[in-house]
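Below: structure_27.csv (CSV, C-alpha atoms and all ligand atoms)
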```
chain,number,residue,atom,x,y,z
U,150,MET,CA,16.3,7.1,-33.1
U,151,PRO,CA,17.3,10.2,-31.0
U,152,THR,CA,19.6,9.3,-28.1
U,153,LYS,CA,17.9,9.0,-24.8
U,154,PRO,CA,18.8,11.5,-22.0
U,155,ARG,CA,21.3,10.0,-19.5
U,156,ILE,CA,20.1,9.9,-15.9
U,157,LEU,CA,21.9,9.1,-12.7
U,158,ALA,CA,19.6,7.2,-10.4
U,159,THR,CA,21.1,7.5,-6.9
U,160,HIS,CA,18.9,4.6,-5.6
U,161,GLN,CA,16.9,1.7,-6.7
U,162,PHE,CA,13.3,2.9,-7.0
U,163,PRO,CA,10.2,0.6,-7.0
U,164,PRO,CA,10.2,-2.0,-9.8
U,165,ALA,CA,7.5,-0.3,-12.0
U,166,VAL,CA,9.3,3.0,-11.7
U,167,MET,CA,12.6,1.4,-12.6
U,168,ASP,CA,11.0,-0.3,-15.6
U,169,ARG,CA,9.8,3.1,-16.9
U,170,LEU,CA,13.0,4.8,-16.1
U,171,LEU,CA,15.1,2.2,-17.9
U,172,LYS,CA,12.7,2.1,-20.9
U,173,ASP,CA,12.8,5.8,-21.5
U,174,TYR,CA,16.3,6.8,-20.4
U,175,ASP,CA,19.9,5.8,-20.5
U,176,VAL,CA,20.3,5.1,-16.8
U,177,ILE,CA,23.3,4.8,-14.5
U,178,THR,CA,21.8,2.7,-11.8
U,179,ASN,CA,22.9,2.0,-8.2
U,180,GLU,CA,22.7,-1.8,-8.4
U,181,THR,CA,23.7,-2.3,-4.7
U,182,ASN,CA,21.4,0.5,-3.5
U,183,GLU,CA,24.1,1.7,-1.1
U,184,HIS,CA,24.2,5.3,0.1
U,185,LEU,CA,26.2,7.3,-2.4
U,186,SER,CA,28.6,9.9,-1.0
U,187,ALA,CA,28.9,13.3,-2.7
U,188,ASP,CA,32.2,12.1,-4.2
U,189,VAL,CA,30.6,9.1,-5.8
U,190,ILE,CA,27.7,11.1,-7.0
U,191,LEU,CA,30.1,13.5,-8.7
U,192,GLU,CA,32.1,10.6,-10.2
U,193,ARG,CA,28.9,9.0,-11.6
U,194,SER,CA,27.5,12.3,-12.8
U,195,LYS,CA,30.0,12.7,-15.7
U,196,ASN,CA,28.0,13.3,-18.9
U,197,VAL,CA,24.6,12.8,-17.3
U,198,ASP,CA,21.7,15.1,-18.2
U,199,GLY,CA,19.7,14.7,-15.1
U,200,ILE,CA,19.7,13.1,-11.6
U,201,MET,CA,16.9,11.2,-9.8
U,202,CYS,CA,17.7,11.3,-6.1
U,203,SER,CA,16.0,11.0,-2.7
U,204,PRO,CA,16.0,12.8,0.6
U,205,GLY,CA,19.1,10.8,1.8
U,206,ASN,CA,21.2,12.6,-0.8
U,207,ALA,CA,22.3,16.1,0.3
U,208,PHE,CA,22.8,18.2,-2.7
U,209,ASP,CA,24.4,21.1,-0.9
U,210,GLN,CA,26.1,24.1,-2.4
U,211,ALA,CA,29.4,22.4,-2.7
U,212,LEU,CA,28.0,19.4,-4.5
U,213,ILE,CA,25.8,21.4,-6.8
U,214,ASP,CA,28.6,23.8,-7.7
U,215,ALA,CA,30.8,20.8,-8.6
U,216,LEU,CA,28.3,19.0,-10.8
U,217,PRO,CA,29.2,18.8,-14.5
U,218,ALA,CA,27.6,21.4,-16.8
U,219,SER,CA,25.7,18.6,-18.5
U,220,VAL,CA,23.4,18.2,-15.4
U,221,LYS,CA,20.3,20.2,-16.1
U,222,ILE,CA,17.6,18.7,-13.8
U,223,ILE,CA,17.5,17.1,-10.4
U,224,ALA,CA,14.2,15.2,-9.7
U,225,THR,CA,13.8,14.2,-6.1
U,226,PHE,CA,11.8,11.2,-5.1
U,227,SER,CA,10.2,13.2,-2.2
U,228,VAL,CA,7.9,16.1,-1.5
U,229,GLY,CA,10.5,17.5,1.0
U,230,TYR,CA,13.4,19.4,-0.5
U,231,ASP,CA,15.5,20.5,2.5
U,232,HIS,CA,18.3,18.3,1.1
U,233,LEU,CA,18.6,20.5,-2.0
U,234,ASP,CA,20.3,23.9,-2.1
U,235,LEU,CA,17.7,25.8,-4.1
U,236,ALA,CA,19.9,29.0,-4.4
U,237,ALA,CA,22.9,27.0,-5.7
U,238,ALA,CA,20.7,25.2,-8.2
U,239,ALA,CA,19.1,28.4,-9.4
U,240,LYS,CA,22.5,29.9,-9.9
U,241,ARG,CA,23.6,27.0,-12.0
U,242,GLY,CA,20.3,27.0,-13.9
U,243,ILE,CA,19.5,23.5,-12.7
U,244,VAL,CA,15.7,22.7,-12.7
U,245,LEU,CA,14.5,21.0,-9.5
U,246,GLY,CA,11.3,18.9,-9.3
U,247,ASN,CA,9.6,17.1,-6.4
U,248,THR,CA,6.6,14.8,-5.8
U,249,PRO,CA,3.8,16.7,-3.9
U,250,ASP,CA,0.2,15.4,-3.4
U,251,VAL,CA,0.7,11.7,-3.9
U,252,LEU,CA,2.1,11.1,-0.5
U,253,THR,CA,-0.3,13.3,1.5
U,254,ALA,CA,-2.7,10.5,2.5
U,255,ALA,CA,-0.1,7.9,3.4
U,256,THR,CA,1.9,10.4,5.5
U,257,ALA,CA,-1.2,11.7,7.3
U,258,ASP,CA,-2.1,8.0,8.1
U,259,ILE,CA,1.3,7.6,9.7
U,260,ALA,CA,0.8,10.8,11.7
U,261,LEU,CA,-2.3,9.3,13.2
U,262,LEU,CA,-0.5,6.0,13.8
U,263,CYS,CA,2.2,8.0,15.7
U,264,LEU,CA,-0.4,9.9,17.6
U,265,LEU,CA,-2.3,6.8,18.6
U,266,GLY,CA,0.9,4.7,19.1
U,267,ALA,CA,2.4,7.3,21.4
U,268,ALA,CA,-0.8,8.1,23.3
U,269,ARG,CA,-1.8,4.5,23.8
U,270,LYS,CA,1.6,3.1,24.6
U,271,ALA,CA,1.7,0.8,21.6
U,272,HIS,CA,5.5,0.4,21.8
U,273,THR,CA,5.7,-0.7,25.4
U,274,SER,CA,2.7,-2.9,25.5
U,275,ALA,CA,3.5,-4.7,22.2
U,276,THR,CA,7.1,-5.2,23.3
U,277,ILE,CA,6.1,-6.8,26.6
U,278,LEU,CA,3.7,-9.1,24.7
U,279,ARG,CA,6.3,-10.1,22.1
U,280,GLU,CA,8.9,-10.7,24.8
U,281,GLY,CA,6.5,-13.1,26.5
U,282,LYS,CA,6.3,-10.9,29.6
U,283,TRP,CA,2.6,-10.2,29.6
U,284,SER,CA,1.1,-12.3,32.5
U,285,ARG,CA,-2.5,-11.1,32.6
U,286,TRP,CA,-5.0,-8.3,32.0
U,287,THR,CA,-5.1,-5.8,34.9
U,288,ALA,CA,-7.0,-2.6,35.3
U,289,ASN,CA,-4.1,-0.3,35.8
U,290,GLN,CA,-1.8,-1.6,33.1
U,291,PHE,CA,-0.5,0.2,30.0
U,292,LEU,CA,-2.7,3.3,30.8
U,293,GLY,CA,-2.3,6.0,28.1
U,294,VAL,CA,-3.5,9.4,27.2
U,295,HIS,CA,-7.1,9.6,26.0
U,296,VAL,CA,-7.4,10.9,22.5
U,297,SER,CA,-11.1,11.5,21.8
U,298,GLY,CA,-12.3,15.0,22.4
U,299,LYS,CA,-8.8,16.4,23.0
U,300,ARG,CA,-7.3,19.4,21.2
U,301,LEU,CA,-4.9,18.7,18.4
U,302,GLY,CA,-2.5,21.5,17.4
U,303,ILE,CA,-1.1,21.3,13.9
U,304,LEU,CA,2.1,23.1,13.0
U,305,GLY,CA,2.0,23.7,9.3
U,306,MET,CA,-1.5,23.4,7.6
U,307,GLY,CA,-0.4,22.5,4.1
U,308,ARG,CA,-1.7,19.4,2.3
U,309,ILE,CA,-0.4,16.9,4.9
U,310,GLY,CA,-1.5,19.1,7.9
U,311,GLN,CA,-5.0,19.3,6.4
U,312,ALA,CA,-5.2,15.6,5.8
U,313,VAL,CA,-4.1,15.0,9.5
U,314,ALA,CA,-6.8,17.4,10.6
U,315,ARG,CA,-9.5,15.6,8.6
U,316,ARG,CA,-8.5,12.2,10.0
U,317,ALA,CA,-8.3,13.6,13.6
U,318,LYS,CA,-11.8,14.9,13.2
U,319,GLY,CA,-12.8,11.3,13.0
U,320,PHE,CA,-11.5,10.9,16.5
U,321,ASP,CA,-13.6,13.9,17.6
U,322,MET,CA,-10.5,16.0,18.2
U,323,GLU,CA,-10.7,19.8,18.2
U,324,ILE,CA,-8.4,21.2,15.6
U,325,HIS,CA,-6.1,24.2,16.2
U,326,TYR,CA,-3.3,25.2,13.8
U,327,HIS,CA,-0.6,27.6,13.1
U,328,ASN,CA,0.2,28.4,9.5
U,329,ARG,CA,1.4,31.4,7.5
U,330,ARG,CA,-2.2,32.1,6.7
U,331,PRO,CA,-5.6,30.7,7.6
U,332,VAL,CA,-6.9,27.9,5.4
U,333,SER,CA,-10.5,27.8,4.1
U,334,GLU,CA,-10.8,24.3,2.9
U,335,PRO,CA,-14.0,22.2,2.9
U,336,GLY,CA,-14.3,20.1,6.1
U,337,LEU,CA,-11.9,22.3,8.0
U,338,GLU,CA,-14.3,25.3,8.7
U,339,GLU,CA,-14.2,24.7,12.4
U,340,ALA,CA,-10.4,24.5,12.7
U,341,ILE,CA,-9.1,27.3,14.9
U,342,PHE,CA,-6.3,29.4,13.4
U,343,HIS,CA,-3.5,30.8,15.6
U,344,GLU,CA,-1.4,33.6,14.2
U,345,SER,CA,1.7,32.6,16.1
U,346,LEU,CA,3.2,29.4,17.4
U,347,ASP,CA,3.2,30.9,20.9
U,348,ASP,CA,-0.6,31.3,20.7
U,349,LEU,CA,-1.0,27.7,19.4
U,350,LEU,CA,1.1,25.9,21.9
U,351,PRO,CA,-1.0,26.3,25.1
U,352,ASN,CA,-3.9,24.8,23.1
U,353,CYS,CA,-2.2,21.6,22.2
U,354,ASP,CA,-3.0,18.5,24.2
U,355,PHE,CA,-1.4,16.9,21.1
U,356,LEU,CA,0.9,18.7,18.7
U,357,SER,CA,1.5,17.4,15.2
U,358,ILE,CA,4.4,18.8,13.2
U,359,ASN,CA,3.6,19.0,9.6
U,360,CYS,CA,5.7,22.0,8.3
U,361,GLY,CA,8.8,21.8,6.1
U,362,LEU,CA,12.3,22.1,7.4
U,363,SER,CA,14.0,25.5,6.8
U,364,ASP,CA,16.3,27.9,8.6
U,365,GLU,CA,13.1,29.2,10.3
U,366,THR,CA,11.8,25.9,11.5
U,367,GLN,CA,15.1,24.1,12.5
U,368,HIS,CA,14.8,23.3,16.2
U,369,LEU,CA,11.6,25.3,16.4
U,370,ILE,CA,10.5,22.8,19.0
U,371,ASN,CA,13.0,23.4,21.8
U,372,ASP,CA,13.1,24.0,25.5
U,373,ALA,CA,11.3,27.3,25.3
U,374,THR,CA,8.5,26.2,23.0
U,375,ILE,CA,8.0,22.9,24.8
U,376,GLU,CA,7.5,24.8,28.0
U,377,LYS,CA,4.5,26.6,26.5
U,378,LEU,CA,2.7,23.2,25.9
U,379,PRO,CA,0.2,22.0,28.5
U,380,ASP,CA,1.8,19.6,30.9
U,381,GLY,CA,1.4,16.0,29.7
U,382,ALA,CA,1.0,17.0,26.0
U,383,VAL,CA,1.8,14.4,23.3
U,384,LEU,CA,4.1,15.4,20.4
U,385,VAL,CA,4.0,13.9,16.9
U,386,ASN,CA,6.5,14.5,14.2
U,387,THR,CA,6.1,13.1,10.7
U,388,ALA,CA,7.8,16.0,8.9
U,389,ARG,CA,11.5,16.4,9.4
U,390,GLY,CA,13.5,15.4,12.5
U,391,ALA,CA,15.6,18.6,12.7
U,392,ILE,CA,12.5,20.7,13.5
U,393,VAL,CA,12.7,19.2,17.0
U,394,ASP,CA,15.7,19.7,19.3
U,395,ASP,CA,16.3,16.1,20.4
U,396,ILE,CA,17.9,17.1,23.7
U,397,ALA,CA,14.9,19.2,24.7
U,398,LEU,CA,12.4,16.5,23.7
U,399,ILE,CA,14.3,13.8,25.6
U,400,LYS,CA,14.4,16.0,28.7
U,401,ALA,CA,10.7,16.7,28.4
U,402,LEU,CA,9.9,13.0,27.9
U,403,LYS,CA,12.0,12.1,31.0
U,404,SER,CA,10.3,14.8,33.2
U,405,GLY,CA,6.8,14.0,32.0
U,406,LYS,CA,6.3,17.5,30.6
U,407,ILE,CA,5.6,15.7,27.4
U,408,ALA,CA,3.7,12.5,28.2
U,409,ALA,CA,4.7,10.7,25.0
U,410,ALA,CA,6.0,11.3,21.5
U,411,GLY,CA,5.4,9.6,18.2
U,412,LEU,CA,8.2,10.2,15.7
U,413,ASP,CA,8.5,8.9,12.2
U,414,VAL,CA,11.5,11.2,11.6
U,415,PHE,CA,14.4,12.3,13.7
U,416,GLU,CA,17.5,14.4,13.3
U,417,ASN,CA,20.6,12.7,11.8
U,418,GLU,CA,18.6,9.8,10.4
U,419,PRO,CA,19.2,6.9,10.4
U,420,THR,CA,21.1,7.4,13.7
U,421,LEU,CA,18.6,7.8,16.6
U,422,ASN,CA,19.9,9.7,19.6
U,423,PRO,CA,20.6,6.7,21.9
U,424,GLU,CA,18.9,8.3,24.8
U,425,TYR,CA,15.6,7.9,23.0
U,426,LEU,CA,15.9,4.2,23.1
U,427,ASP,CA,15.7,4.1,26.9
U,428,LEU,CA,12.4,5.9,26.9
U,429,ASP,CA,9.2,3.8,27.0
U,430,ASN,CA,7.1,6.8,26.2
U,431,LEU,CA,8.5,7.0,22.7
U,432,PHE,CA,6.8,5.4,19.7
U,433,VAL,CA,9.3,5.6,16.9
U,434,LEU,CA,9.2,4.5,13.2
U,435,PRO,CA,12.0,4.6,10.6
U,436,HIS,CA,10.6,7.4,8.3
U,437,ILE,CA,7.9,5.3,6.7
U,438,GLY,CA,5.4,8.1,6.1
U,439,SER,CA,5.2,7.5,2.4
U,440,ALA,CA,6.0,3.8,2.5
U,441,THR,CA,3.0,2.1,0.8
U,442,PHE,CA,3.3,0.3,-2.6
U,443,GLU,CA,0.8,2.7,-4.2
U,444,THR,CA,2.4,5.9,-2.8
U,445,ARG,CA,6.0,5.0,-3.7
U,446,ASP,CA,5.0,4.1,-7.3
U,447,ALA,CA,3.1,7.3,-7.6
U,448,MET,CA,6.1,9.3,-6.2
U,449,GLY,CA,8.4,7.6,-8.8
U,450,PHE,CA,6.0,8.3,-11.6
U,451,LYS,CA,5.9,12.0,-10.6
U,452,CYS,CA,9.7,12.1,-10.7
U,453,LEU,CA,9.5,10.6,-14.2
U,454,ASP,CA,6.7,13.0,-15.3
U,455,ASN,CA,9.1,15.8,-14.2
U,456,LEU,CA,12.0,14.3,-16.2
U,457,ASP,CA,9.8,13.6,-19.3
U,458,ALA,CA,8.4,17.1,-19.4
U,459,PHE,CA,11.8,18.6,-19.0
U,460,PHE,CA,13.4,16.6,-21.8
U,461,ALA,CA,10.4,17.2,-24.0
U,462,GLY,CA,11.2,20.9,-23.6
U,463,ASN,CA,8.1,21.6,-21.5
U,464,PRO,CA,7.6,23.2,-18.0
U,465,ILE,CA,7.8,20.4,-15.5
U,466,PRO,CA,4.6,19.6,-13.6
U,467,SER,CA,6.0,19.8,-10.1
U,468,PRO,CA,8.8,22.4,-10.0
U,469,ILE,CA,10.6,23.4,-6.8
U,470,THR,CA,11.1,27.2,-6.8
U,471,LEU,CA,13.0,29.5,-4.6
U,501,LIG,C1,9.2,13.2,1.6
U,501,LIG,O1,8.7,12.9,0.5
U,501,LIG,O2,9.7,14.3,1.8
U,501,LIG,C2,9.2,12.2,2.6
U,501,LIG,O3,9.8,12.5,3.8
U,501,LIG,C3,9.6,10.8,2.1
U,501,LIG,O4,8.6,10.0,2.6
```

Just give me the structure as structure tokens.
Amino acid sequence: MPTKPRILATHQFPPAVMDRLLKDYDVITNETNEHLSADVILERSKNVDGIMCSPGNAFDQALIDALPASVKIIATFSVGYDHLDLAAAAKRGIVLGNTPDVLTAATADIALLCLLGAARKAHTSATILREGKWSRWTANQFLGVHVSGKRLGILGMGRIGQAVARRAKGFDMEIHYHNRRPVSEPGLEEAIFHESLDDLLPNCDFLSINCGLSDETQHLINDATIEKLPDGAVLVNTARGAIVDDIALIKALKSGKIAAAGLDVFENEPTLNPEYLDLDNLFVLPHIGSATFETRDAMGFKCLDNLDAFFAGNPIPSPITL
């Protein structure tokens, strides 16, 4: 029997994914599931043919340059790939694969949860209830921002942005978006394209961030861009935390310029800027966009499909390219 390719798994993945990984590969597992530093990844990469990682592992230029020559593929358990240095991998001839499509629906669902949770004060009201501090129903209590009929601006109209738009239409929202180019997808014919972010922002009673993180989008939502939103807008981020400048958002949430924010992601995860925690107009989740049983299995199987194709000598189904 030919020897199985050797894979470093930087995490524990869902059980069905681990079963298939262990059946088909010679795997160096991370039994304790602790976060692996770059040094530990390097140490464990000796003689491995490929690596299965996740967004928590930063494969920057220094780490990629230092990987042993045996490493030929890195399959990330994510659609986002801002944690991978594409140029460094290309230089080393390392193939990169990700997991698009399968997490679109789950992530769009969480965007709507963040939108509704922020607008309708889900955090404050549920906390008061859980703490036994709710005394009675009153007419002026827990009043939030009305959603139905409002304008939703979507920054980044890729697969997830489009899925958010389709869901928001169910809430009778008017869809505006900014994207590199207009989309012409069924069901989104009425969505209004804005060529620039500056054009989009004044039309956003709600703004949902659904673009990737790159040098161009880092801190794209900052003091200057927030200023262009209508007063009392609601901000939703389910993409990457670093697209938003935390300091600017905290300031806007304190002043009321932004009425509420729903964040599933934040810069420097898992450490939330402590000032956020004092704000009762923040609805925050710990990066659970893709966290359903079905989605996480599907993400793992996509990683494995990438590895299987690569080691069979075929093009991988979900390559990440420069
Ligand atoms: C991704 O796949 O990039 C997500 O952020 C993980 O849910």

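Note that the spacing between atom O2 of ligand LIG 501 (chain U) and atom CA of Lys377 of chain U amounts to 28.1 Å.
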
| request: Using only C-alpha atoms and all ligand atoms, find each protein or nucleic acid residue lying at most 10 Å from ligand LIG 501 (chain U); present the set as a PyMOL selection string. | output: chain U and resi 203-205+225-232+247-253+255-256+361-362+387-390+413-414+436-441+444-445+448

| task | Find, counting only C-alpha atoms, the residue in U:Met167, U:Glu183, U:Gln161, U:Ile222 that gets nearest to Asp457 of chain U. | result | U:Ile222

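Near segment 401-409 of chain U, within 7 Å and counting all atoms listed in the file, sit Ala267, Ala268, Asp380, Gly381, Ala382, Val383, Leu384, Ala397, Leu398, Asn430 and Leu431 of chain U, not including residues fewer than 3 positions from it in the same chain.
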
Can you list, as a PDB file with C-alpha atoms, in the coordinates of the input, every protein, DNA or RNA residue that comes within 6 Å of Gly411 of chain U when you count all atoms listed in the file, leaving out same-chain residues fewer than 5 positions away?
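The resulting file, around.pdb, is reproduced below:
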```pdb
ATOM      1  CA  CYS U 263       2.200   8.000  15.700  1.00  0.00           C
ATOM      2  CA  LEU U 264      -0.400   9.900  17.600  1.00  0.00           C
ATOM      3  CA  ALA U 267       2.400   7.300  21.400  1.00  0.00           C
ATOM      4  CA  VAL U 385       4.000  13.900  16.900  1.00  0.00           C
ATOM      5  CA  PHE U 432       6.800   5.400  19.700  1.00  0.00           C
ATOM      6  CA  VAL U 433       9.300   5.600  16.900  1.00  0.00           C
TER       7      VAL U 433
END
```

| said: Quick check, in Å to one decimal: how far apart do atom CA of Gly246 of chain U and atom CA of Asn196 of chain U lie? | reply: 20.1 Å
